[in-house]
Structures are given as C-alpha cells and as structure tokens.
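What follows is the content of model_15.cif (mmCIF, C-alpha atoms).
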data_my_file
#
loop_
_atom_site.label_atom_id
_atom_site.label_comp_id
_atom_site.auth_asym_id
_atom_site.auth_seq_id
_atom_site.Cartn_x
_atom_site.Cartn_y
_atom_site.Cartn_z
CA MET T 214 -6.83 35.12 -15.49
CA ILE T 215 -5.89 35.87 -11.88
CA ASN T 216 -7.86 38.02 -9.47
CA GLU T 217 -6.32 39.00 -6.12
CA ILE T 218 -8.69 39.64 -3.20
CA GLU T 219 -8.45 40.15 0.55
CA THR T 220 -10.41 37.75 2.71
CA LYS T 221 -11.86 38.37 6.16
CA THR T 222 -11.74 34.73 7.24
CA LEU T 223 -9.84 31.63 6.15
CA LEU T 224 -10.57 28.76 8.53
CA SER T 225 -13.99 27.14 8.62
CA SER T 226 -14.97 24.55 11.22
CA ASN T 227 -15.70 21.05 10.00
CA LYS T 228 -18.64 19.69 11.99
CA ASN T 229 -17.91 16.14 10.89
CA PRO T 230 -14.13 15.58 11.03
CA SER T 231 -14.45 11.96 9.93
CA SER T 232 -15.84 13.17 6.59
CA TRP T 233 -12.48 14.51 5.39
CA PHE T 234 -9.23 13.08 6.77
CA GLY T 235 -10.07 13.96 10.38
CA ALA T 236 -10.03 17.68 9.63
CA ASN T 237 -11.32 19.97 12.36
CA TYR T 238 -10.73 23.10 10.29
CA ILE T 239 -10.69 23.53 6.53
CA PHE T 240 -9.15 26.36 4.55
CA ASN T 241 -8.71 27.25 0.89
CA ILE T 242 -6.13 29.85 -0.10
CA TYR T 243 -7.24 29.84 -3.72
CA ARG T 244 -10.66 29.69 -5.37
CA GLY T 245 -10.77 28.30 -8.85
CA CYS T 246 -7.95 26.19 -10.27
CA GLU T 247 -5.36 26.07 -13.03
CA HIS T 248 -5.40 22.30 -13.46
CA HIS T 249 -8.52 22.57 -15.68
CA CYS T 250 -9.70 19.01 -14.99
CA ILE T 251 -12.62 18.29 -17.28
CA TYR T 252 -14.67 16.59 -14.54
CA CYS T 253 -14.31 19.04 -11.64
CA ASP T 254 -17.40 19.19 -9.41
CA SER T 255 -16.36 22.61 -8.08
CA ARG T 256 -17.77 24.16 -11.25
CA SER T 257 -21.27 23.40 -9.92
CA LEU T 258 -23.59 26.29 -9.13
CA CYS T 259 -23.79 25.38 -5.44
CA TYR T 260 -20.19 26.50 -4.89
CA ARG T 261 -20.93 30.02 -6.18
CA ILE T 262 -17.77 30.34 -8.24
CA ASP T 263 -18.76 32.13 -11.43
CA ASN T 264 -15.75 31.04 -13.45
CA PHE T 265 -13.77 28.18 -11.98
CA ASP T 266 -11.03 28.63 -14.58
CA GLU T 267 -10.34 32.09 -13.15
CA LEU T 268 -7.99 31.87 -10.18
CA ILE T 269 -8.96 33.93 -7.16
CA VAL T 270 -6.03 34.46 -4.80
CA LYS T 271 -6.69 35.30 -1.16
CA ILE T 272 -3.65 37.48 -0.99
CA ASN T 273 -3.76 38.11 2.79
CA SER T 274 -4.16 34.44 3.74
CA VAL T 275 -0.98 34.32 5.82
CA ASP T 276 -1.99 37.24 8.05
CA ILE T 277 -5.49 35.84 8.48
CA ILE T 278 -4.40 32.32 9.46
CA LYS T 279 -1.96 33.81 11.99
CA LYS T 280 -4.81 35.71 13.64
CA GLU T 281 -7.28 32.83 13.53
CA LEU T 282 -4.93 30.23 14.99
CA LYS T 283 -4.30 32.50 17.97
CA THR T 284 -8.02 32.49 18.77
CA LYS T 285 -8.45 28.70 18.74
CA ARG T 286 -8.90 27.30 22.23
CA LYS T 287 -8.48 23.74 21.05
CA LYS T 288 -5.95 22.48 18.55
CA GLY T 289 -7.25 20.38 15.70
CA CYS T 290 -6.18 19.10 12.32
CA LEU T 291 -6.09 21.76 9.59
CA ALA T 292 -6.92 20.63 6.05
CA THR T 293 -6.58 22.33 2.70
CA GLY T 294 -7.39 21.25 -0.84
CA SER T 295 -10.97 20.10 -0.35
CA MET T 296 -12.22 22.42 -3.12
CA SER T 297 -9.32 24.26 -4.77
CA ASP T 298 -5.81 22.89 -5.07
CA PRO T 299 -3.30 24.56 -2.71
CA TYR T 300 -0.58 23.76 -5.26
CA THR T 301 -2.16 25.29 -8.31
CA LYS T 302 0.45 26.57 -10.78
CA SER T 303 0.46 30.14 -9.46
CA GLU T 304 1.55 28.90 -6.04
CA LYS T 305 5.05 28.73 -7.52
CA ASN T 306 5.08 32.53 -7.48
CA TYR T 307 2.72 33.42 -4.64
CA LEU T 308 4.16 30.98 -2.06
CA LEU T 309 0.99 31.41 0.02
CA THR T 310 0.59 27.70 0.77
CA ARG T 311 4.21 27.50 1.87
CA ARG T 312 3.91 30.56 4.08
CA CYS T 313 0.70 29.25 5.65
CA LEU T 314 2.48 25.96 6.36
CA GLU T 315 5.20 27.95 8.09
CA VAL T 316 2.55 29.47 10.36
CA ILE T 317 0.99 26.06 10.98
CA SER T 318 4.39 24.64 11.89
CA GLU T 319 5.18 27.53 14.23
CA ASN T 320 1.87 26.98 16.03
CA ASN T 321 2.29 23.20 16.28
CA TYR T 322 -0.85 22.17 14.42
CA PRO T 323 -1.30 18.91 12.51
CA VAL T 324 -2.19 19.22 8.83
CA HIS T 325 -3.74 17.33 5.95
CA ILE T 326 -3.22 18.40 2.32
CA THR T 327 -5.07 17.18 -0.76
CA THR T 328 -3.47 18.06 -4.07
CA LYS T 329 -2.93 16.98 -7.65
CA SER T 330 0.57 18.41 -7.90
CA ASN T 331 4.11 17.28 -7.18
CA LEU T 332 4.90 20.92 -6.35
CA ILE T 333 4.21 19.83 -2.78
CA LEU T 334 7.75 18.42 -2.71
CA ARG T 335 9.05 21.99 -2.64
CA ASP T 336 7.71 22.21 0.93
CA ILE T 337 9.08 18.90 2.14
CA ASP T 338 11.13 20.63 4.86
CA LEU T 339 8.00 22.10 6.43
CA LEU T 340 6.03 18.86 6.13
CA GLU T 341 8.81 16.98 7.91
CA GLU T 342 8.72 19.52 10.73
CA ILE T 343 4.92 19.42 10.99
CA ASN T 344 5.04 15.62 10.93
CA LYS T 345 6.67 15.68 14.36
CA ILE T 346 3.02 16.15 15.31
CA TYR T 347 1.25 14.83 12.20
CA ALA T 348 1.27 15.49 8.46
CA SER T 349 -0.93 13.75 5.93
CA VAL T 350 -0.95 14.15 2.15
CA ALA T 351 -3.45 12.77 -0.35
CA ILE T 352 -2.64 13.06 -4.03
CA THR T 353 -5.42 12.52 -6.55
CA ILE T 354 -4.69 9.89 -9.18
CA THR T 355 -7.44 8.38 -11.30
CA THR T 356 -5.42 6.79 -14.09
CA THR T 357 -1.88 5.49 -14.54
CA ASP T 358 -1.92 6.50 -18.21
CA ASP T 359 0.00 9.77 -18.57
CA HIS T 360 -1.49 10.47 -21.98
CA LEU T 361 -5.01 10.06 -20.65
CA SER T 362 -4.28 12.21 -17.61
CA SER T 363 -3.00 14.95 -19.92
CA ILE T 364 -6.44 14.99 -21.57
CA ILE T 365 -8.69 14.87 -18.53
CA GLU T 366 -6.38 16.90 -16.22
CA PRO T 367 -4.54 19.06 -18.77
CA GLY T 368 -2.98 21.53 -16.33
CA ALA T 369 -1.86 19.02 -13.71
CA PRO T 370 1.46 17.17 -13.49
CA SER T 371 1.49 13.68 -15.00
CA SER T 372 0.26 10.71 -13.02
CA SER T 373 3.82 9.36 -13.05
CA ASP T 374 5.13 12.50 -11.37
CA ARG T 375 2.39 12.31 -8.77
CA PHE T 376 3.25 8.70 -7.95
CA LYS T 377 6.91 9.68 -7.55
CA ALA T 378 5.93 12.48 -5.17
CA LEU T 379 3.99 9.98 -3.07
CA GLY T 380 7.08 7.79 -2.97
CA VAL T 381 9.22 10.61 -1.59
CA LEU T 382 6.62 11.54 1.02
CA SER T 383 6.12 7.92 2.09
CA THR T 384 9.86 7.37 2.47
CA LEU T 385 9.99 10.32 4.87
CA GLY T 386 7.26 8.83 7.05
CA ILE T 387 4.50 11.22 6.08
CA THR T 388 1.05 9.62 5.94
CA THR T 389 0.19 9.23 2.26
CA SER T 390 -3.03 8.47 0.44
CA ILE T 391 -4.34 8.34 -3.09
CA THR T 392 -7.71 9.95 -3.64
CA MET T 393 -8.85 7.76 -6.50
CA MET T 394 -11.80 9.92 -7.45
CA PRO T 395 -13.56 10.30 -9.74
CA VAL T 396 -13.19 7.16 -11.81
CA LEU T 397 -14.78 8.25 -15.06
CA PRO T 398 -17.36 5.88 -16.58
CA PHE T 399 -16.46 4.52 -20.04
CA ILE T 400 -12.97 6.06 -19.72
CA GLU T 401 -11.22 4.86 -16.55
CA ASP T 402 -13.54 2.16 -15.15
CA THR T 403 -11.55 -0.91 -16.15
CA GLU T 404 -10.06 -3.64 -14.00
CA ALA T 405 -6.67 -2.99 -15.55
CA ASN T 406 -6.68 0.67 -14.49
CA ILE T 407 -7.85 -0.07 -10.94
CA LEU T 408 -5.26 -2.83 -10.49
CA ASP T 409 -2.48 -0.69 -11.91
CA ILE T 410 -3.26 2.15 -9.49
CA VAL T 411 -3.19 -0.27 -6.53
CA ASN T 412 0.03 -1.91 -7.74
CA LYS T 413 1.79 1.43 -8.12
CA ALA T 414 0.40 2.63 -4.79
CA SER T 415 2.05 -0.36 -3.12
CA TYR T 416 5.32 0.18 -5.01
CA TYR T 417 5.51 3.81 -3.83
CA GLY T 418 4.66 2.99 -0.22
CA VAL T 419 1.11 4.38 -0.12
CA LYS T 420 -0.97 2.89 2.70
CA HIS T 421 -4.39 4.42 1.95
CA ILE T 422 -6.60 4.67 -1.13
CA VAL T 423 -9.82 6.66 -0.91
CA PRO T 424 -11.93 5.62 -3.90
CA TRP T 425 -15.07 6.74 -5.70
CA LEU T 426 -15.84 4.38 -8.55
CA GLY T 427 -17.87 6.86 -10.53
CA MET T 428 -18.40 10.58 -10.71
CA SER T 429 -20.84 13.41 -10.05
CA LEU T 430 -22.61 15.37 -12.75
CA ARG T 431 -24.76 18.43 -12.22
CA ASP T 432 -25.64 21.74 -13.88
CA ARG T 433 -22.53 23.69 -14.99
CA GLN T 434 -20.25 20.77 -14.23
CA ARG T 435 -22.23 18.54 -16.59
CA ASP T 436 -22.24 21.17 -19.35
CA TYR T 437 -18.47 21.62 -19.13
CA TYR T 438 -17.81 17.88 -18.99
CA TYR T 439 -20.02 17.08 -21.97
CA LYS T 440 -18.35 19.79 -24.03
CA SER T 441 -14.99 18.23 -23.16
CA LEU T 442 -16.26 14.79 -24.12
CA ASP T 443 -17.32 16.13 -27.50
CA GLU T 444 -13.82 17.52 -28.04
CA ASN T 445 -11.81 14.56 -26.77
CA PHE T 446 -14.02 11.46 -26.75
CA PRO T 447 -16.49 11.69 -29.65
CA SER T 448 -19.64 9.56 -29.18
CA LEU T 449 -19.23 9.19 -25.40
CA ARG T 450 -21.67 11.99 -24.62
CA THR T 451 -24.51 9.92 -26.11
CA LYS T 452 -23.61 7.01 -23.82
CA TYR T 453 -23.62 9.29 -20.76
CA GLU T 454 -26.96 10.85 -21.65
CA LYS T 455 -28.54 7.46 -22.26
CA THR T 456 -27.05 5.81 -19.17
CA PHE T 457 -27.28 8.57 -16.56
CA LYS T 458 -29.87 11.06 -17.87
CA GLU T 459 -30.01 13.78 -15.18
CA SER T 460 -28.52 11.72 -12.35
CA TYR T 461 -26.07 13.35 -9.98
CA ASN T 462 -24.29 10.15 -8.96
CA CYS T 463 -22.93 8.32 -12.01
CA SER T 464 -21.47 4.95 -11.08
CA ALA T 465 -18.72 3.18 -12.96
CA ARG T 466 -19.64 0.26 -15.19
CA ASN T 467 -19.72 -3.07 -13.36
CA VAL T 468 -19.23 -1.14 -10.14
CA SER T 469 -19.79 -4.18 -7.89
CA LYS T 470 -17.16 -6.20 -9.74
CA LEU T 471 -14.71 -3.29 -9.70
CA ASN T 472 -15.27 -2.88 -5.96
CA ASN T 473 -14.36 -6.53 -5.43
CA VAL T 474 -11.26 -6.14 -7.60
CA LEU T 475 -10.22 -3.10 -5.56
CA LEU T 476 -10.90 -4.83 -2.24
CA GLU T 477 -8.90 -7.92 -3.16
CA ALA T 478 -5.95 -5.98 -4.54
CA SER T 479 -5.76 -3.52 -1.65
CA SER T 480 -6.04 -6.36 0.88
CA ARG T 481 -3.19 -8.19 -0.86
CA TYR T 482 -0.92 -5.16 -0.37
CA ASN T 483 -2.26 -4.23 3.05
CA ILE T 484 -3.60 -0.91 1.76
CA SER T 485 -6.52 0.58 3.66
CA LEU T 486 -9.56 1.91 1.79
CA LYS T 487 -10.40 4.22 4.69
CA MET T 488 -9.28 7.81 5.15
CA PRO T 489 -6.46 8.19 7.65
CA SER T 490 -7.06 10.79 10.32
CA TYR T 491 -5.12 12.54 13.03
CA HIS T 492 -5.46 11.25 16.58
CA HIS T 493 -3.94 13.31 19.34
CA LYS T 494 -0.85 11.57 20.70
CA LEU T 495 -0.86 11.05 24.45
CA ASN T 496 2.08 12.57 26.26
CA SER T 497 4.34 10.54 28.55
CA THR T 498 2.48 11.56 31.74
CA GLN T 499 -0.84 10.38 30.29
CA LEU T 500 0.72 7.12 29.12
CA ASN T 501 2.24 6.41 32.56
CA PHE T 502 -1.13 7.05 34.17
CA LEU T 503 -2.89 4.66 31.79
CA ASP T 504 -0.29 1.97 32.43
CA LYS T 505 -1.21 2.01 36.14
CA LEU T 506 -4.93 1.43 35.47
#

This entry written out as structure tokens:
Amino acid sequence: MINEIETKTLLSSNKNPSSWFGANYIFNIYRGCEHHCIYCDSRSLCYRIDNFDELIVKINSVDIIKKELKTKRKKGCLATGSMSDPYTKSEKNYLLTRRCLEVISENNYPVHITTKSNLILRDIDLLEEINKIYASVAITITTTDDHLSSIIEPGAPSSSDRFKALGVLSTLGITTSITMMPVLPFIEDTEANILDIVNKASYYGVKHIVPWLGMSLRDRQRDYYYKSLDENFPSLRTKYEKTFKESYNCSARNVSKLNNVLLEASSRYNISLKMPSYHHKLNSTQLNFLDKL
C-alpha cells in the first residue's frame, strides 16, 4: 500500500556528523519500505511509523529540498537512507530520489547514500557529477548467499547484484562502503560468511566495511522478527528467547573471535572498518597559503 503526503520539511540537522558518514544534514524521501527485511529496526515504536510495510511518499520532496538548500548558510554533506531506503521499489516510478539528486548537484553539495538496491546505478550520471565534490555510497550486505538474502530481505535485490553495483561505483571513483549490519545470530554469524563478504568487498573495489556483529531487538521489531523466524527458521525463536531474553543489543555468537577474523581479513585487503566521511577540499589559494607556512 502506498500513501502520498506533502511534507513541510525534509532536511534535519545531524548534531554529530561523525555518527553517520560525516552527514551534516539527513533526509528521507520515503517512510516505510518495500524491501520487507525481517530484521528491520525501523519497525520499532520509537520511530512512530504505524505500519512500516506501508510506503509513505513525501510527494513534494523536490520542491522542499530546493527551498531548504537555499536557506543554508553553510554547505555540508547531505545523507539519505538512514531509516528508509531511497531506492525502494516505487522509486522506479516516482523518481523522487533522482530529482532530489539533481537539485543537490545543481547546488554543489556533497552527498552520502545508504541503500540496499542496485537501482542506484540508474543515477550514475548524477553521482559522477556530484562526485566532482564528493559522493559516497554504502550498500547493505549481510550475507553472500543469495538464497538466504531472499528470505531475510525478500523485497531487495540479491546480494550478488548489490556487490556488482558496488563494483561499478568503485570503478568510477565513487567512495563505496558495505554496511554489514545486522549480522543475524544463529543465521549469519559464521567465519565463512564474514570472510566471504570481505573477500568479495575486495574483489569489487570496496574500501570500507561498517560492521555490526549482531542485531537489535525491541518491541514491534522483535514481534515481527520472531514471527518471521517461526515461518522460515523453525526452532530458532527458542534459541533467541533463551539467549537474549528482553535484551536490545543481541551480539553474534563468538563475537570476539568474529571481530578478530574481520580485523585480520580487512587488514589483509587494506579495507577500513571506519565510516568514510566528507572533508571539505581546500581550494588552490588556501593550498598555496599553507605551503608558505
């Protein structure tokens, strides 16, 4: 189900830019998502989205971002995808993310995008233009097994297609990352899975992996996830209830060992486990001045 609304604001200031890819401003064109990932934290009550499987489309997003960028005294990195995917399936028809990127490009702002979709390749022309300043893309991948990803992320493109998209973006010089989160306990928390993600990240030219070896579980999110476990992974719910009880932060099994495996593998391929972030490039006058100091 899709519900179109008009929004009064789009950009929100990020008081701690280092918390999310150096973003100074965050925006979400859509609320809810059509990827239907069984683990999504955005179903939690604190986000005040009654039905996360219903897509809410901020139909006037382009006009609003035009107005808001004109009022900004200081340029900063714009980020989208922190809650709802900017490349949800309906973006194919609405083109709101693309049109907002056009506005961002026209106003010479840097951008970071987090997504779970290779639809982002449709907008490669705009990302190349924005990257004259700075463009960063993080694609979420938590397993290299396409069959498994079709179960836990049933509406999203396959992991293989996401890796290929990262390869295209990396080849064009766009900063690329994998958000390897969550890593689901008892399902994805194996050395083989972690190593395979790192190996494929290196193959496709990815220089950053942002991991969370575990997951969150709370209120409505937990209810939805447990129902999905009952449907797809019989008996696992009992293990979760016994292991985590009412905990919010649910770590992967052998998390310390998995961390070491991840550290060693990423170091071998020179992949950073820190979020990349935009740093304003000094112009030639500033550089000449610094050279004289």

Using all atoms listed in the file, which residues sit within 10 Å of segment 281-291 of chain T once same-chain residues fewer than 3 positions away are excluded, as a tab-separated table (two decimals) with C-alpha atoms, keeping the file's coordinate frame?
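The result, written out as part36.tsv:
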chain	number	residue	atom	x	y	z
T	222	THR	CA	-11.74	34.73	7.24
T	223	LEU	CA	-9.84	31.63	6.15
T	224	LEU	CA	-10.57	28.76	8.53
T	225	SER	CA	-13.99	27.14	8.62
T	226	SER	CA	-14.97	24.55	11.22
T	227	ASN	CA	-15.70	21.05	10.00
T	230	PRO	CA	-14.13	15.58	11.03
T	234	PHE	CA	-9.23	13.08	6.77
T	235	GLY	CA	-10.07	13.96	10.38
T	236	ALA	CA	-10.03	17.68	9.63
T	237	ASN	CA	-11.32	19.97	12.36
T	238	TYR	CA	-10.73	23.10	10.29
T	239	ILE	CA	-10.69	23.53	6.53
T	240	PHE	CA	-9.15	26.36	4.55
T	276	ASP	CA	-1.99	37.24	8.05
T	277	ILE	CA	-5.49	35.84	8.48
T	278	ILE	CA	-4.40	32.32	9.46
T	316	VAL	CA	2.55	29.47	10.36
T	317	ILE	CA	0.99	26.06	10.98
T	320	ASN	CA	1.87	26.98	16.03
T	321	ASN	CA	2.29	23.20	16.28
T	322	TYR	CA	-0.85	22.17	14.42
T	323	PRO	CA	-1.30	18.91	12.51
T	324	VAL	CA	-2.19	19.22	8.83
T	325	HIS	CA	-3.74	17.33	5.95
T	326	ILE	CA	-3.22	18.40	2.32
T	347	TYR	CA	1.25	14.83	12.20
T	348	ALA	CA	1.27	15.49	8.46
T	349	SER	CA	-0.93	13.75	5.93
T	490	SER	CA	-7.06	10.79	10.32
T	491	TYR	CA	-5.12	12.54	13.03
T	492	HIS	CA	-5.46	11.25	16.58
T	493	HIS	CA	-3.94	13.31	19.34

I'd like the neighbourhood of Arg433 of chain T as a PyMOL selection string, where a residue qualifies if any of its atoms comes within 7 Å (using all atoms listed in the file), though same-chain residues fewer than 4 positions away should be ignored. chain T and resi 256-258+437

Convert the current residue selection to file output with C-alpha atoms, as a PDB file, keeping the file's coordinate frame.
ATOM      1  CA  ARG T 256     -17.770  24.160 -11.250  1.00  0.00           C
ATOM      2  CA  SER T 257     -21.270  23.400  -9.920  1.00  0.00           C
ATOM      3  CA  LEU T 258     -23.590  26.290  -9.130  1.00  0.00           C
ATOM      4  CA  TYR T 437     -18.470  21.620 -19.130  1.00  0.00           C
TER       5      TYR T 437
END

With distances taken over only C-alpha atoms, which of T:Tyr252, T:Tyr243, T:Tyr461, T:Phe399 is nearest to Pro447 of chain T?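 Checking each candidate against Pro447 of chain T, we get T:Phe399 as the closest.
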
Expected selection from the PyMOL selection byres ((chain T and resi 452) around 12), given as a PyMOL selection string: chain T and resi 398-400+439+442-443+446-451+453-458+463+466

Just write the chosen residues, C-alpha atoms, as an mmCIF file, in the frame of the given file.
data_model
loop_
_atom_site.group_PDB
_atom_site.id
_atom_site.type_symbol
_atom_site.label_atom_id
_atom_site.label_comp_id
_atom_site.auth_asym_id
_atom_site.auth_seq_id
_atom_site.Cartn_x
_atom_site.Cartn_y
_atom_site.Cartn_z
ATOM 1 C CA PRO T 398 -17.360 5.880 -16.580
ATOM 2 C CA PHE T 399 -16.460 4.520 -20.040
ATOM 3 C CA ILE T 400 -12.970 6.060 -19.720
ATOM 4 C CA TYR T 439 -20.020 17.080 -21.970
ATOM 5 C CA LEU T 442 -16.260 14.790 -24.120
ATOM 6 C CA ASP T 443 -17.320 16.130 -27.500
ATOM 7 C CA PHE T 446 -14.020 11.460 -26.750
ATOM 8 C CA PRO T 447 -16.490 11.690 -29.650
ATOM 9 C CA SER T 448 -19.640 9.560 -29.180
ATOM 10 C CA LEU T 449 -19.230 9.190 -25.400
ATOM 11 C CA ARG T 450 -21.670 11.990 -24.620
ATOM 12 C CA THR T 451 -24.510 9.920 -26.110
ATOM 13 C CA TYR T 453 -23.620 9.290 -20.760
ATOM 14 C CA GLU T 454 -26.960 10.850 -21.650
ATOM 15 C CA LYS T 455 -28.540 7.460 -22.260
ATOM 16 C CA THR T 456 -27.050 5.810 -19.170
ATOM 17 C CA PHE T 457 -27.280 8.570 -16.560
ATOM 18 C CA LYS T 458 -29.870 11.060 -17.870
ATOM 19 C CA CYS T 463 -22.930 8.320 -12.010
ATOM 20 C CA ARG T 466 -19.640 0.260 -15.190
#

Atom CA of Ile269 of chain T to atom CA of Glu304 of chain T, straight-line distance in Å: 11.7 Å

Atom CA of Ala351 of chain T and atom CA of Asn473 of chain T, how far apart in Å?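 Pair atom CA of Asn473 of chain T / atom CA of Ala351 of chain T returns 22.7 Å.
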
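You will find atom CA of Leu382 of chain T at 18.9 Å from atom CA of Lys487 of chain T.
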
Show me, as a list in words, the residues that have an atom within 9 Å of segment 377-381 of chain T when counting all atoms listed in the file, minus same-chain residues fewer than 6 positions from it.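 Neighbouring residues, sequence-local ones excluded: Ser330, Asn331, Leu332, Ile333, Leu334, Val350, Ala351, Ile352, Thr389, Ser390, Ile391, Ala414, Tyr416, Tyr417, Gly418 and Val419 of chain T.
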
Kindly complete segment 408-420 of chain T to N, CA and C atoms; the output should be written as a PDB file, in the frame of the given file.
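Output file result-v6.pdb is given in full below:
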ATOM      1  N   LEU T 408      -6.367  -2.000 -10.980  1.00  0.00           N
ATOM      2  CA  LEU T 408      -5.260  -2.830 -10.490  1.00  0.00           C
ATOM      3  C   LEU T 408      -3.921  -2.125 -10.623  1.00  0.00           C
ATOM      4  N   ASP T 409      -3.746  -1.391 -11.707  1.00  0.00           N
ATOM      5  CA  ASP T 409      -2.480  -0.690 -11.910  1.00  0.00           C
ATOM      6  C   ASP T 409      -2.280   0.405 -10.878  1.00  0.00           C
ATOM      7  N   ILE T 410      -3.355   1.109 -10.525  1.00  0.00           N
ATOM      8  CA  ILE T 410      -3.260   2.150  -9.490  1.00  0.00           C
ATOM      9  C   ILE T 410      -2.867   1.515  -8.151  1.00  0.00           C
ATOM     10  N   VAL T 411      -3.503   0.393  -7.805  1.00  0.00           N
ATOM     11  CA  VAL T 411      -3.190  -0.270  -6.530  1.00  0.00           C
ATOM     12  C   VAL T 411      -1.754  -0.799  -6.545  1.00  0.00           C
ATOM     13  N   ASN T 412      -1.346  -1.397  -7.644  1.00  0.00           N
ATOM     14  CA  ASN T 412       0.030  -1.910  -7.740  1.00  0.00           C
ATOM     15  C   ASN T 412       1.057  -0.800  -7.562  1.00  0.00           C
ATOM     16  N   LYS T 413       0.843   0.311  -8.226  1.00  0.00           N
ATOM     17  CA  LYS T 413       1.790   1.430  -8.120  1.00  0.00           C
ATOM     18  C   LYS T 413       1.718   2.078  -6.744  1.00  0.00           C
ATOM     19  N   ALA T 414       0.530   2.105  -6.152  1.00  0.00           N
ATOM     20  CA  ALA T 414       0.400   2.630  -4.790  1.00  0.00           C
ATOM     21  C   ALA T 414       1.276   1.819  -3.837  1.00  0.00           C
ATOM     22  N   SER T 415       1.231   0.507  -3.964  1.00  0.00           N
ATOM     23  CA  SER T 415       2.050  -0.360  -3.120  1.00  0.00           C
ATOM     24  C   SER T 415       3.540  -0.119  -3.376  1.00  0.00           C
ATOM     25  N   TYR T 416       3.918  -0.021  -4.644  1.00  0.00           N
ATOM     26  CA  TYR T 416       5.320   0.180  -5.010  1.00  0.00           C
ATOM     27  C   TYR T 416       5.873   1.460  -4.391  1.00  0.00           C
ATOM     28  N   TYR T 417       5.048   2.509  -4.347  1.00  0.00           N
ATOM     29  CA  TYR T 417       5.510   3.810  -3.830  1.00  0.00           C
ATOM     30  C   TYR T 417       5.203   4.001  -2.345  1.00  0.00           C
ATOM     31  N   GLY T 418       4.802   2.934  -1.676  1.00  0.00           N
ATOM     32  CA  GLY T 418       4.660   2.990  -0.220  1.00  0.00           C
ATOM     33  C   GLY T 418       3.389   3.626   0.293  1.00  0.00           C
ATOM     34  N   VAL T 419       2.380   3.767  -0.544  1.00  0.00           N
ATOM     35  CA  VAL T 419       1.110   4.380  -0.120  1.00  0.00           C
ATOM     36  C   VAL T 419       0.301   3.365   0.680  1.00  0.00           C
ATOM     37  N   LYS T 420      -0.241   3.796   1.808  1.00  0.00           N
ATOM     38  CA  LYS T 420      -0.970   2.890   2.700  1.00  0.00           C
ATOM     39  C   LYS T 420      -2.484   3.109   2.685  1.00  0.00           C
TER      40      LYS T 420
END
